[in-house]
file target16.csv (CSV, C-alpha atoms and all ligand atoms)
chain,number,residue,atom,x,y,z
A,1,MET,CA,0.0,0.0,0.0
A,2,ARG,CA,1.3,3.4,-0.9
A,3,ILE,CA,-0.3,6.1,1.2
A,4,ASP,CA,0.4,9.8,0.8
A,5,LEU,CA,-1.5,11.9,3.4
A,6,HIS,CA,-0.6,15.5,2.6
A,7,THR,CA,-1.2,17.2,-0.8
A,8,HIS,CA,-2.4,20.6,-2.1
A,9,SER,CA,-4.5,21.4,-5.1
A,10,LYS,CA,-5.3,24.7,-6.8
A,11,VAL,CA,-8.0,25.5,-4.3
A,12,SER,CA,-5.2,26.5,-2.1
A,13,ASP,CA,-1.5,26.9,-3.1
A,14,GLY,CA,-1.0,23.9,-5.4
A,15,THR,CA,-1.2,24.1,-9.2
A,16,ASP,CA,-3.3,20.9,-10.1
A,17,THR,CA,-7.0,21.0,-10.0
A,18,PRO,CA,-8.4,18.5,-7.5
A,19,ALA,CA,-9.3,16.3,-10.5
A,20,GLN,CA,-5.8,16.5,-11.9
A,21,LEU,CA,-4.4,15.7,-8.5
A,22,VAL,CA,-6.3,12.5,-8.0
A,23,THR,CA,-5.5,11.4,-11.6
A,24,ALA,CA,-1.8,12.1,-10.9
A,25,ALA,CA,-1.9,10.3,-7.6
A,26,ALA,CA,-3.2,7.1,-9.4
A,27,ALA,CA,-0.6,7.5,-12.1
A,28,ALA,CA,2.1,7.8,-9.4
A,29,GLY,CA,1.0,4.4,-8.1
A,30,LEU,CA,-0.6,5.6,-4.9
A,31,ASP,CA,-3.4,3.5,-3.3
A,32,VAL,CA,-4.5,6.2,-0.8
A,33,VAL,CA,-4.2,10.0,-1.2
A,34,ALA,CA,-5.3,12.7,1.2
A,35,LEU,CA,-6.3,16.1,-0.1
A,36,THR,CA,-5.2,18.7,2.5
A,37,ASP,CA,-5.6,22.2,1.1
A,38,HIS,CA,-4.9,25.1,3.4
A,39,ASP,CA,-8.0,26.2,5.4
A,40,THR,CA,-10.6,24.9,3.0
A,41,THR,CA,-12.5,21.8,2.0
A,42,SER,CA,-13.7,23.2,-1.3
A,43,GLY,CA,-11.7,20.7,-3.3
A,44,TRP,CA,-13.2,17.6,-1.7
A,45,ALA,CA,-16.2,17.2,-4.1
A,46,GLU,CA,-14.2,17.6,-7.3
A,47,ALA,CA,-11.6,15.1,-6.1
A,48,ALA,CA,-14.2,12.6,-5.1
A,49,ALA,CA,-16.1,12.9,-8.4
A,50,ALA,CA,-12.9,12.4,-10.4
A,51,LEU,CA,-11.4,9.6,-8.3
A,52,PRO,CA,-9.8,6.9,-10.5
A,53,GLU,CA,-10.6,3.3,-9.8
A,54,GLY,CA,-8.5,1.7,-7.1
A,55,LEU,CA,-7.6,5.0,-5.4
A,56,THR,CA,-8.9,5.9,-2.0
A,57,LEU,CA,-9.4,9.6,-1.1
A,58,VAL,CA,-9.0,10.8,2.5
A,59,PRO,CA,-10.7,14.2,2.7
A,60,GLY,CA,-8.5,16.5,4.8
A,61,MET,CA,-7.2,20.0,5.3
A,62,GLU,CA,-4.2,21.8,6.7
A,63,LEU,CA,-5.3,24.3,9.3
A,64,SER,CA,-3.1,27.4,9.8
A,65,CYS,CA,-2.4,27.7,13.5
A,66,ALA,CA,-0.1,29.6,15.9
A,67,SER,CA,1.0,28.6,19.4
A,68,PRO,CA,3.4,29.6,22.1
A,69,ALA,CA,6.5,27.5,21.5
A,70,GLU,CA,6.7,26.2,25.1
A,71,GLY,CA,3.1,25.0,25.6
A,72,PHE,CA,-0.2,26.1,26.9
A,73,GLY,CA,-0.1,26.2,30.7
A,74,PRO,CA,-0.5,29.4,32.6
A,75,GLY,CA,2.6,31.7,32.1
A,76,ALA,CA,3.4,29.9,28.8
A,77,GLY,CA,2.8,32.8,26.5
A,78,GLY,CA,5.8,34.4,24.9
A,79,ARG,CA,7.2,33.3,21.6
A,80,GLN,CA,4.6,32.3,19.0
A,81,VAL,CA,5.4,29.8,16.4
A,82,ALA,CA,3.5,29.0,13.2
A,83,VAL,CA,2.1,25.4,13.3
A,84,HIS,CA,0.3,23.6,10.5
A,85,LEU,CA,-2.3,21.2,11.7
A,86,LEU,CA,-3.4,18.5,9.3
A,87,ALA,CA,-7.0,17.5,9.9
A,88,TYR,CA,-8.6,14.4,8.4
A,89,LEU,CA,-12.1,13.0,8.1
A,90,PHE,CA,-13.9,15.8,10.1
A,91,ASP,CA,-17.4,16.8,9.4
A,92,PRO,CA,-17.2,19.6,6.8
A,93,GLU,CA,-20.5,21.0,8.1
A,94,HIS,CA,-19.4,21.4,11.7
A,95,PRO,CA,-20.4,25.0,12.3
A,96,GLU,CA,-17.5,26.3,14.4
A,97,LEU,CA,-14.8,24.6,12.3
A,98,ALA,CA,-16.4,25.9,9.1
A,99,ALA,CA,-16.6,29.4,10.6
A,100,GLU,CA,-12.9,29.3,11.6
A,101,ARG,CA,-11.9,28.2,8.0
A,102,LEU,CA,-13.9,31.1,6.6
A,103,ARG,CA,-12.2,33.5,9.0
A,104,LEU,CA,-8.7,32.2,8.1
A,105,ARG,CA,-9.4,32.6,4.4
A,106,GLY,CA,-10.5,36.1,5.0
A,107,GLU,CA,-7.2,36.7,6.8
A,108,ARG,CA,-5.3,35.2,3.8
A,109,THR,CA,-7.0,37.4,1.3
A,110,ARG,CA,-6.6,40.5,3.4
A,111,ARG,CA,-2.9,40.0,4.1
A,112,LEU,CA,-2.0,38.9,0.6
A,113,ARG,CA,-3.7,42.0,-0.8
A,114,VAL,CA,-1.6,44.2,1.6
A,115,MET,CA,1.6,42.4,0.6
A,116,ALA,CA,0.8,42.9,-3.1
A,117,GLU,CA,-0.1,46.5,-2.6
A,118,ARG,CA,3.2,47.2,-0.7
A,119,MET,CA,5.1,45.6,-3.6
A,120,ALA,CA,3.1,47.6,-6.2
A,121,ALA,CA,3.7,50.8,-4.2
A,122,ASP,CA,7.5,50.0,-4.4
A,123,GLY,CA,7.3,49.8,-8.2
A,124,LEU,CA,7.3,46.0,-8.5
A,125,PRO,CA,5.1,44.9,-11.5
A,126,VAL,CA,2.4,43.3,-9.4
A,127,ASP,CA,-1.4,43.9,-9.7
A,128,PRO,CA,-3.1,43.1,-6.4
A,129,ASP,CA,-6.5,42.5,-8.0
A,130,ALA,CA,-5.0,40.1,-10.6
A,131,VAL,CA,-3.1,38.2,-7.9
A,132,LEU,CA,-6.2,37.8,-5.7
A,133,SER,CA,-8.5,36.8,-8.6
A,134,ALA,CA,-5.9,34.2,-9.8
A,135,ALA,CA,-5.7,32.8,-6.2
A,136,GLY,CA,-9.0,31.0,-5.7
A,137,PRO,CA,-10.6,30.4,-2.3
A,138,SER,CA,-7.5,30.1,-0.2
A,139,ALA,CA,-4.9,32.8,-1.2
A,140,GLY,CA,-1.3,32.3,-0.1
A,141,ARG,CA,2.2,33.7,-0.7
A,142,PRO,CA,2.8,31.1,-3.5
A,143,HIS,CA,0.2,33.0,-5.6
A,144,LEU,CA,2.2,36.1,-5.2
A,145,ALA,CA,5.4,34.2,-6.0
A,146,ARG,CA,3.9,33.0,-9.3
A,147,ALA,CA,2.9,36.5,-10.2
A,148,LEU,CA,6.4,37.7,-9.5
A,149,MET,CA,7.7,34.9,-11.6
A,150,GLU,CA,5.4,35.6,-14.5
A,151,ALA,CA,6.5,39.3,-14.3
A,152,GLY,CA,10.1,38.2,-14.6
A,153,VAL,CA,11.0,39.6,-11.1
A,154,VAL,CA,12.2,36.2,-9.9
A,155,SER,CA,13.0,33.0,-11.7
A,156,SER,CA,11.3,30.5,-9.3
A,157,VAL,CA,8.8,30.3,-6.4
A,158,GLY,CA,11.7,29.4,-4.1
A,159,GLU,CA,13.6,32.5,-5.1
A,160,ALA,CA,10.6,34.6,-4.3
A,161,PHE,CA,10.4,33.1,-0.8
A,162,SER,CA,14.1,33.5,-0.1
A,163,ASP,CA,13.7,37.3,-0.2
A,164,LEU,CA,10.6,39.1,-1.2
A,165,LEU,CA,8.1,36.8,0.5
A,166,SER,CA,10.2,35.8,3.5
A,167,SER,CA,8.6,36.3,7.0
A,168,ARG,CA,11.7,38.4,7.8
A,169,GLY,CA,11.3,40.4,4.6
A,170,ARG,CA,10.0,44.0,4.2
A,171,TYR,CA,6.8,43.0,2.4
A,172,TYR,CA,5.7,40.4,4.9
A,173,VAL,CA,2.3,40.9,6.5
A,174,HIS,CA,1.2,38.9,9.5
A,175,LYS,CA,-2.1,37.0,9.5
A,176,GLU,CA,-4.0,36.0,12.6
A,177,ASP,CA,-4.0,32.2,12.6
A,178,THR,CA,-6.0,29.8,14.8
A,179,PRO,CA,-4.7,29.2,18.3
A,180,LEU,CA,-3.3,25.7,18.1
A,181,LEU,CA,-5.1,24.4,21.1
A,182,ARG,CA,-8.4,25.7,19.7
A,183,GLY,CA,-7.5,24.1,16.3
A,184,VAL,CA,-7.0,20.7,18.0
A,185,HIS,CA,-10.3,21.0,19.9
A,186,LEU,CA,-12.2,22.1,16.8
A,187,VAL,CA,-11.0,19.2,14.7
A,188,ALA,CA,-11.8,16.7,17.5
A,189,ALA,CA,-15.3,18.3,18.0
A,190,ALA,CA,-15.9,17.8,14.3
A,191,GLY,CA,-15.1,14.1,14.6
A,192,GLY,CA,-11.8,14.5,12.8
A,193,VAL,CA,-8.2,13.4,13.6
A,194,SER,CA,-5.4,16.0,13.8
A,195,VAL,CA,-1.7,15.5,13.0
A,196,LEU,CA,1.1,18.0,13.4
A,197,ALA,CA,2.5,18.8,10.0
A,198,HIS,CA,6.3,19.1,9.5
A,199,CYS,CA,6.8,20.3,13.1
A,200,ARG,CA,10.6,20.0,13.2
A,201,ALA,CA,11.2,21.9,10.0
A,202,GLN,CA,13.8,24.3,11.1
A,203,SER,CA,13.8,26.2,7.8
A,204,ARG,CA,10.3,27.4,8.7
A,205,GLY,CA,11.4,29.1,11.9
A,206,ALA,CA,10.9,28.4,15.6
A,207,MET,CA,9.4,25.0,16.6
A,208,LEU,CA,7.1,23.6,19.3
A,209,THR,CA,8.9,22.1,22.2
A,210,ASP,CA,8.4,18.4,23.0
A,211,ASP,CA,6.6,19.4,26.1
A,212,ALA,CA,4.1,21.4,24.1
A,213,ILE,CA,3.5,18.4,21.8
A,214,ALA,CA,3.0,16.2,24.8
A,215,GLU,CA,0.4,18.7,26.2
A,216,LEU,CA,-1.6,18.3,23.0
A,217,VAL,CA,-2.1,14.6,23.3
A,218,PRO,CA,-4.8,14.6,26.0
A,219,GLU,CA,-6.5,17.5,24.1
A,220,GLY,CA,-7.0,15.2,21.0
A,221,LEU,CA,-3.9,15.2,18.9
A,222,GLY,CA,-3.6,11.9,17.0
A,223,GLY,CA,-0.3,11.9,15.2
A,224,VAL,CA,2.8,13.6,13.9
A,225,GLU,CA,4.1,13.8,10.4
A,226,VAL,CA,7.6,12.4,10.5
A,227,ASP,CA,8.7,11.6,7.0
A,228,HIS,CA,8.6,15.0,5.2
A,229,VAL,CA,11.0,16.7,2.9
A,230,ASP,CA,11.7,19.4,5.4
A,231,HIS,CA,12.9,16.9,8.1
A,232,ASP,CA,16.4,15.6,8.2
A,233,ASP,CA,17.3,12.1,9.6
A,234,ARG,CA,17.8,13.5,13.0
A,235,ASP,CA,14.4,15.3,13.1
A,236,ARG,CA,12.8,12.0,12.0
A,237,ARG,CA,14.5,9.9,14.6
A,238,HIS,CA,13.6,12.4,17.3
A,239,LEU,CA,10.0,12.6,16.3
A,240,ARG,CA,9.6,8.8,15.9
A,241,SER,CA,10.8,8.2,19.4
A,242,LEU,CA,8.7,11.1,20.8
A,243,ALA,CA,5.6,9.7,19.0
A,244,ALA,CA,6.3,6.2,20.5
A,245,GLU,CA,6.6,7.7,23.9
A,246,LEU,CA,3.4,9.7,23.6
A,247,GLY,CA,1.3,7.0,21.9
A,248,LEU,CA,0.9,9.1,18.7
A,249,PHE,CA,0.9,7.5,15.2
A,250,THR,CA,3.3,8.8,12.6
A,251,THR,CA,2.8,9.7,9.0
A,252,GLY,CA,4.9,10.3,5.9
A,253,SER,CA,3.8,12.4,3.0
A,254,SER,CA,4.9,14.5,0.1
A,255,ASP,CA,3.3,17.8,0.8
A,256,TYR,CA,2.9,18.0,-2.9
A,257,HIS,CA,2.1,21.4,-4.3
A,258,GLY,CA,2.2,20.7,-8.1
A,259,ARG,CA,4.6,23.1,-9.9
A,260,ASN,CA,4.9,25.3,-6.8
A,261,LYS,CA,7.3,22.9,-5.2
A,262,VAL,CA,9.7,20.3,-6.6
A,263,VAL,CA,8.5,17.4,-4.4
A,264,ARG,CA,6.6,14.7,-6.2
A,265,LEU,CA,3.5,12.7,-5.1
A,266,GLY,CA,4.5,9.7,-3.0
A,267,THR,CA,8.0,11.0,-2.2
A,268,HIS,CA,7.2,9.9,1.4
A,269,THR,CA,4.4,7.6,2.5
A,270,THR,CA,2.6,6.4,5.6
A,271,GLY,CA,2.6,2.9,6.9
A,272,PRO,CA,-0.6,0.8,6.8
A,273,GLN,CA,-0.8,0.4,10.6
A,274,ASP,CA,-0.5,4.2,11.2
A,275,TYR,CA,-3.1,4.7,8.5
A,276,GLU,CA,-5.4,2.2,10.3
A,277,GLN,CA,-5.0,4.1,13.5
A,278,LEU,CA,-6.0,7.3,11.8
A,279,LEU,CA,-9.1,5.7,10.3
A,280,ASP,CA,-10.1,4.2,13.6
A,281,ALA,CA,-10.0,7.5,15.4
A,282,ALA,CA,-12.2,9.4,12.9
A,283,THR,CA,-15.9,9.7,13.1
A,284,GLY,CA,-16.7,12.9,11.2
A,285,ALA,CA,-16.5,11.7,7.6
A,286,THR,CA,-15.5,8.6,5.6
A,287,VAL,CA,-12.9,7.9,3.0
A,288,VAL,CA,-14.1,7.8,-0.6
A,289,ARG,CA,-13.3,4.7,-2.7
A,290,ARG,CA,-14.0,3.9,-6.3
B,301,LIG,P1,1.2,31.4,3.4
B,301,LIG,O1,0.3,30.3,3.7
B,301,LIG,O2,0.6,32.5,2.6
B,301,LIG,O3,1.8,32.0,4.7
B,301,LIG,O4,2.4,30.8,2.6
B,301,LIG,C1,3.0,29.6,3.1
B,301,LIG,C2,3.1,28.6,2.0
B,301,LIG,O5,4.1,28.9,1.1
B,301,LIG,C3,3.4,27.2,2.5
B,301,LIG,O6,2.2,26.5,2.6
B,301,LIG,C4,4.2,26.6,1.3
B,301,LIG,O7,3.3,26.0,0.4
B,301,LIG,C5,4.8,27.8,0.6
B,301,LIG,N1,6.2,28.0,0.9
B,301,LIG,C6,6.8,28.4,2.0
B,301,LIG,N2,8.1,28.4,1.9
B,301,LIG,C7,8.4,28.1,0.6
B,301,LIG,C8,9.6,28.0,-0.2
B,301,LIG,N3,10.8,28.3,0.3
B,301,LIG,N4,9.4,27.6,-1.5
B,301,LIG,C9,8.3,27.3,-2.0
B,301,LIG,N5,7.1,27.4,-1.3
B,301,LIG,C10,7.2,27.8,-0.1
B,302,FE,FE,1.3,25.4,1.0
B,303,FE,FE,2.4,23.1,5.8
B,304,ZN,ZN,1.1,21.4,3.3
call {"tool": "encode", "arguments": {"input": "target16.csv", "output": "C-alpha cells", "more": "lines below"}}
Ligand code: AMP
Ligand code: FE
Ligand code: FE
Ligand code: ZN
result
Amino acid sequence: MRIDLHTHSKVSDGTDTPAQLVTAAAAAGLDVVALTDHDTTSGWAEAAAALPEGLTLVPGMELSCASPAEGFGPGAGGRQVAVHLLAYLFDPEHPELAAERLRLRGERTRRLRVMAERMAADGLPVDPDAVLSAAGPSAGRPHLARALMEAGVVSSVGEAFSDLLSSRGRYYVHKEDTPLLRGVHLVAAAGGVSVLAHCRAQSRGAMLTDDAIAELVPEGLGGVEVDHVDHDDRDRRHLRSLAAELGLFTTGSSDYHGRNKVVRLGTHTTGPQDYEQLLDAATGATVVRR
C-alpha cells in the first residue's frame, strides 16, 4: 500500500485542479491520497467525483495555527510559532470549524492584498487584483510568488520566498492564525483526527517544544508527520521516538504542491498500521473509494 497523506491542489496553493491531482496520484502508483488544502474543504467534491478506480481519497485540510512554543499552561505565552495542523475526516459542516476556516481565508485574502499593494507601491510589477483573482478560495504567498515569476522579477517560487516573501522580509504581513489548542479542539469536536505537519522543519522558523507536543495529546492530537522533505534524519529519529513515547501514530507524506514545489507525489508515504490508527480515530467523515 502506498499512502500519501498531505497534498495541495489549486483550491489553495498547489497548481493541479483536484481532479488532476487524484489522476496524478493514481498515475504515481498511490493507493491512498489525502487532499489537505490550506484552510478549505472546497476541493473535496471535485476530487471525489474524479477519483480513479483503485484509489482511496481521504478528505482533509491543513489548518493554519499559531502557538506559544513552550506549551499552553499558565505563564506559557511568549514566543509564538506557526504550526500547520493536518486534519482528516472531520465533518465539513461542523459550524465552528467551518466558521474558523472562513475567518482564516478572510485573513489570507486581506494579508495577501496588503503584501501585493506594498510591492506595487514600491514599483514592482504586481497587480493586487489580478493576484487575488488568480488565487482562488485560499490565497497564499505562493500565488504572489507565481505573479512575481510571471512578471520576470524572480525565476522561481523558491527564489521569491528566499527574499521578497520571507517572513523576515520587508513586504511580509502577519495573518492571525487559529490558536493551536483551539484548532486541535475544533478538529476533535468535528469528529476529525489531527496530525502536526512538518513540526521540526527548522527552515520554517521556531518550533514547538516536545513538552508542548505532549500537552496536545490529551487534548486530542492523534499523530505527527515524521517523513517529510523538510525533516532531516535527526528530526525523523527524534519525532519517531517522541511519538512512540506519547502514543501518537506517525505519518509520511509528500506535501505535494504541483509546480509550486519540486517534491513529487508519493515521495514519502505512511505505513498501513499508522493509517489504520488514523481511520479508527475518525468519526466525522468517511474515506471515498472507487
Ligand atoms: P502562506 O500560507 O501564505 O503564509 O504561505 C506559506 C506557503 O508557502 C506554504 O504552505 C508553502 O506551500 C509555501 N512555501 C513556504 N516556503 C516556501 C519556499 N521556500 N518555497 C516554496 N514554497 C514555499
Ligand atoms: Fe502550502
Ligand atoms: Fe504546511
Ligand atoms: Zn502542506
call {"tool": "residues_near_ligand", "arguments": {"input": "target16.csv", "ligand": "ligand LIG 301 (chain B)", "cutoff": "7 Å", "atoms": "only C-alpha atoms and all ligand atoms", "output": "JSON, numbers by chain"}}
result
{"A": [13, 108, 139, 140, 141, 142, 157, 158, 161, 162, 257, 260, 261]}
call {"tool": "residues_around", "arguments": {"input": "target16.csv", "residues": "range 174-187 of chain A", "least_positions_apart": "4", "cutoff": "9 Å", "atoms": "all atoms listed in the file", "output": "CSV table (one decimal) with C-alpha atoms, in the frame of the given file"}}
result
chain,number,residue,atom,x,y,z
A,63,LEU,CA,-5.3,24.3,9.3
A,64,SER,CA,-3.1,27.4,9.8
A,65,CYS,CA,-2.4,27.7,13.5
A,66,ALA,CA,-0.1,29.6,15.9
A,67,SER,CA,1.0,28.6,19.4
A,68,PRO,CA,3.4,29.6,22.1
A,72,PHE,CA,-0.2,26.1,26.9
A,82,ALA,CA,3.5,29.0,13.2
A,83,VAL,CA,2.1,25.4,13.3
A,84,HIS,CA,0.3,23.6,10.5
A,85,LEU,CA,-2.3,21.2,11.7
A,87,ALA,CA,-7.0,17.5,9.9
A,88,TYR,CA,-8.6,14.4,8.4
A,90,PHE,CA,-13.9,15.8,10.1
A,91,ASP,CA,-17.4,16.8,9.4
A,94,HIS,CA,-19.4,21.4,11.7
A,96,GLU,CA,-17.5,26.3,14.4
A,97,LEU,CA,-14.8,24.6,12.3
A,100,GLU,CA,-12.9,29.3,11.6
A,104,LEU,CA,-8.7,32.2,8.1
A,107,GLU,CA,-7.2,36.7,6.8
A,108,ARG,CA,-5.3,35.2,3.8
A,110,ARG,CA,-6.6,40.5,3.4
A,111,ARG,CA,-2.9,40.0,4.1
A,167,SER,CA,8.6,36.3,7.0
A,191,GLY,CA,-15.1,14.1,14.6
A,192,GLY,CA,-11.8,14.5,12.8
A,193,VAL,CA,-8.2,13.4,13.6
A,194,SER,CA,-5.4,16.0,13.8
A,195,VAL,CA,-1.7,15.5,13.0
A,216,LEU,CA,-1.6,18.3,23.0
A,219,GLU,CA,-6.5,17.5,24.1
A,220,GLY,CA,-7.0,15.2,21.0
A,221,LEU,CA,-3.9,15.2,18.9
call {"tool": "closest_atom_pairs", "arguments": {"input": "target16.csv", "of": "chain A", "to": "ligand ZN 304 (chain B)", "cutoff": "9 Å", "atoms": "all atoms listed in the file", "output": "JSON lines"}}
result
{"residue": "A:His6", "atom": "CA", "partner": "B:ZN304", "partner_atom": "ZN", "distance": 6.2}
{"residue": "A:Thr7", "atom": "CA", "partner": "B:ZN304", "partner_atom": "ZN", "distance": 6.3}
{"residue": "A:His8", "atom": "CA", "partner": "B:ZN304", "partner_atom": "ZN", "distance": 6.5}
{"residue": "A:Asp13", "atom": "CA", "partner": "B:ZN304", "partner_atom": "ZN", "distance": 8.8}
{"residue": "A:Thr36", "atom": "CA", "partner": "B:ZN304", "partner_atom": "ZN", "distance": 6.9}
{"residue": "A:Asp37", "atom": "CA", "partner": "B:ZN304", "partner_atom": "ZN", "distance": 7.1}
{"residue": "A:His38", "atom": "CA", "partner": "B:ZN304", "partner_atom": "ZN", "distance": 7.0}
{"residue": "A:Met61", "atom": "CA", "partner": "B:ZN304", "partner_atom": "ZN", "distance": 8.7}
{"residue": "A:Glu62", "atom": "CA", "partner": "B:ZN304", "partner_atom": "ZN", "distance": 6.3}
{"residue": "A:His84", "atom": "CA", "partner": "B:ZN304", "partner_atom": "ZN", "distance": 7.6}
{"residue": "A:Leu86", "atom": "CA", "partner": "B:ZN304", "partner_atom": "ZN", "distance": 8.0}
{"residue": "A:Ala197", "atom": "CA", "partner": "B:ZN304", "partner_atom": "ZN", "distance": 7.3}
{"residue": "A:His198", "atom": "CA", "partner": "B:ZN304", "partner_atom": "ZN", "distance": 8.4}
{"residue": "A:Ser254", "atom": "CA", "partner": "B:ZN304", "partner_atom": "ZN", "distance": 8.5}
{"residue": "A:Asp255", "atom": "CA", "partner": "B:ZN304", "partner_atom": "ZN", "distance": 4.9}
{"residue": "A:Tyr256", "atom": "CA", "partner": "B:ZN304", "partner_atom": "ZN", "distance": 7.3}
{"residue": "A:His257", "atom": "CA", "partner": "B:ZN304", "partner_atom": "ZN", "distance": 7.7}
call {"tool": "closest_residue", "arguments": {"input": "target16.csv", "among": "A:Arg105, A:Arg170, A:His228, A:Arg289", "to": "ligand FE 303 (chain B)", "atoms": "only C-alpha atoms and all ligand atoms"}}
result
A:His228
call {"tool": "atom_distance", "arguments": {"input": "target16.csv", "atom1": "CA of Val288 in chain A", "atom2": "CA of Leu57 in chain A"}}
result
5.1 Å
call {"tool": "atom_distance", "arguments": {"input": "target16.csv", "atom1": "CA of Val153 in chain A", "atom2": "CA of Thr109 in chain A"}}
result
22.0 Å
call {"tool": "closest_residue", "arguments": {"input": "target16.csv", "among": "A:Arg234, A:Arg2, A:Arg79, A:Arg290", "to": "Leu208 in chain A", "atoms": "only C-alpha atoms"}}
result
A:Arg79
call {"tool": "atom_distance", "arguments": {"input": "target16.csv", "atom1": "CA of Val114 in chain A", "atom2": "CA of Val126 in chain A"}}
result
11.7 Å
call {"tool": "residues_near_point", "arguments": {"input": "target16.csv", "point": "(-9.8, 11.9, 6.7)", "cutoff": "6 Å", "atoms": "only C-alpha atoms", "output": "count of residues only"}}
result
5
call {"tool": "closest_residue", "arguments": {"input": "target16.csv", "among": "A:Asp39, A:Asp31, A:Asp127, A:Asp232", "to": "ligand FE 302 (chain B)", "atoms": "only C-alpha atoms and all ligand atoms"}}
result
A:Asp39
call {"tool": "residues_around", "arguments": {"input": "target16.csv", "residues": "Leu5 in chain A", "least_positions_apart": "3", "cutoff": "8 Å", "atoms": "only C-alpha atoms", "output": "number ranges by chain"}}
result
A: 32-36, 58, 251-254, 269-270
call {"tool": "residues_around", "arguments": {"input": "target16.csv", "residues": "range 236-239 of chain A", "least_positions_apart": "2", "cutoff": "10 Å", "atoms": "only C-alpha atoms", "output": "ChimeraX atom specification"}}
result
/A:198-200,210,224-228,230-234,241-245,250
call {"tool": "residues_near_point", "arguments": {"input": "target16.csv", "point": "(2.4, 47.7, -10.2)", "cutoff": "12 Å", "atoms": "only C-alpha atoms", "output": "PyMOL selection string"}}
result
chain A and resi 116-131+147-148+151+153
call {"tool": "residues_around", "arguments": {"input": "target16.csv", "residues": "Val11 in chain A", "least_positions_apart": "3", "cutoff": "7 Å", "atoms": "only C-alpha atoms", "output": "count of residues only"}}
result
6
call {"tool": "residues_around", "arguments": {"input": "target16.csv", "residues": "Ala160 in chain A", "least_positions_apart": "6", "cutoff": "8 Å", "atoms": "only C-alpha atoms", "output": "ChimeraX atom specification"}}
result
/A:145,148-149,154,166
call {"tool": "write_last_selection", "arguments": {"input": "target16.csv", "atoms": "C-alpha atoms", "output": "short mmCIF file (atom, residue, chain, number, x, y, z; two decimals), in the frame of the given file"}}
result
data_model
loop_
_atom_site.label_atom_id
_atom_site.label_comp_id
_atom_site.auth_asym_id
_atom_site.auth_seq_id
_atom_site.Cartn_x
_atom_site.Cartn_y
_atom_site.Cartn_z
CA ALA A 145 5.40 34.20 -6.00
CA LEU A 148 6.40 37.70 -9.50
CA MET A 149 7.70 34.90 -11.60
CA VAL A 154 12.20 36.20 -9.90
CA SER A 166 10.20 35.80 3.50
#
call {"tool": "closest_residue", "arguments": {"input": "target16.csv", "among": "A:Gly258, A:Gly271, A:Pro52, A:Pro95", "to": "ligand FE 302 (chain B)", "atoms": "all atoms listed in the file"}}
result
A:Gly258
call {"tool": "closest_residue", "arguments": {"input": "target16.csv", "among": "A:Gly14, A:Pro272, A:Gly73, A:Gly169", "to": "ligand FE 303 (chain B)", "atoms": "all atoms listed in the file"}}
result
A:Gly14
call {"tool": "closest_residue", "arguments": {"input": "target16.csv", "among": "A:Glu150, A:Gly71, A:Val81, A:Arg259", "to": "ligand FE 302 (chain B)", "atoms": "all atoms listed in the file"}}
result
A:Arg259
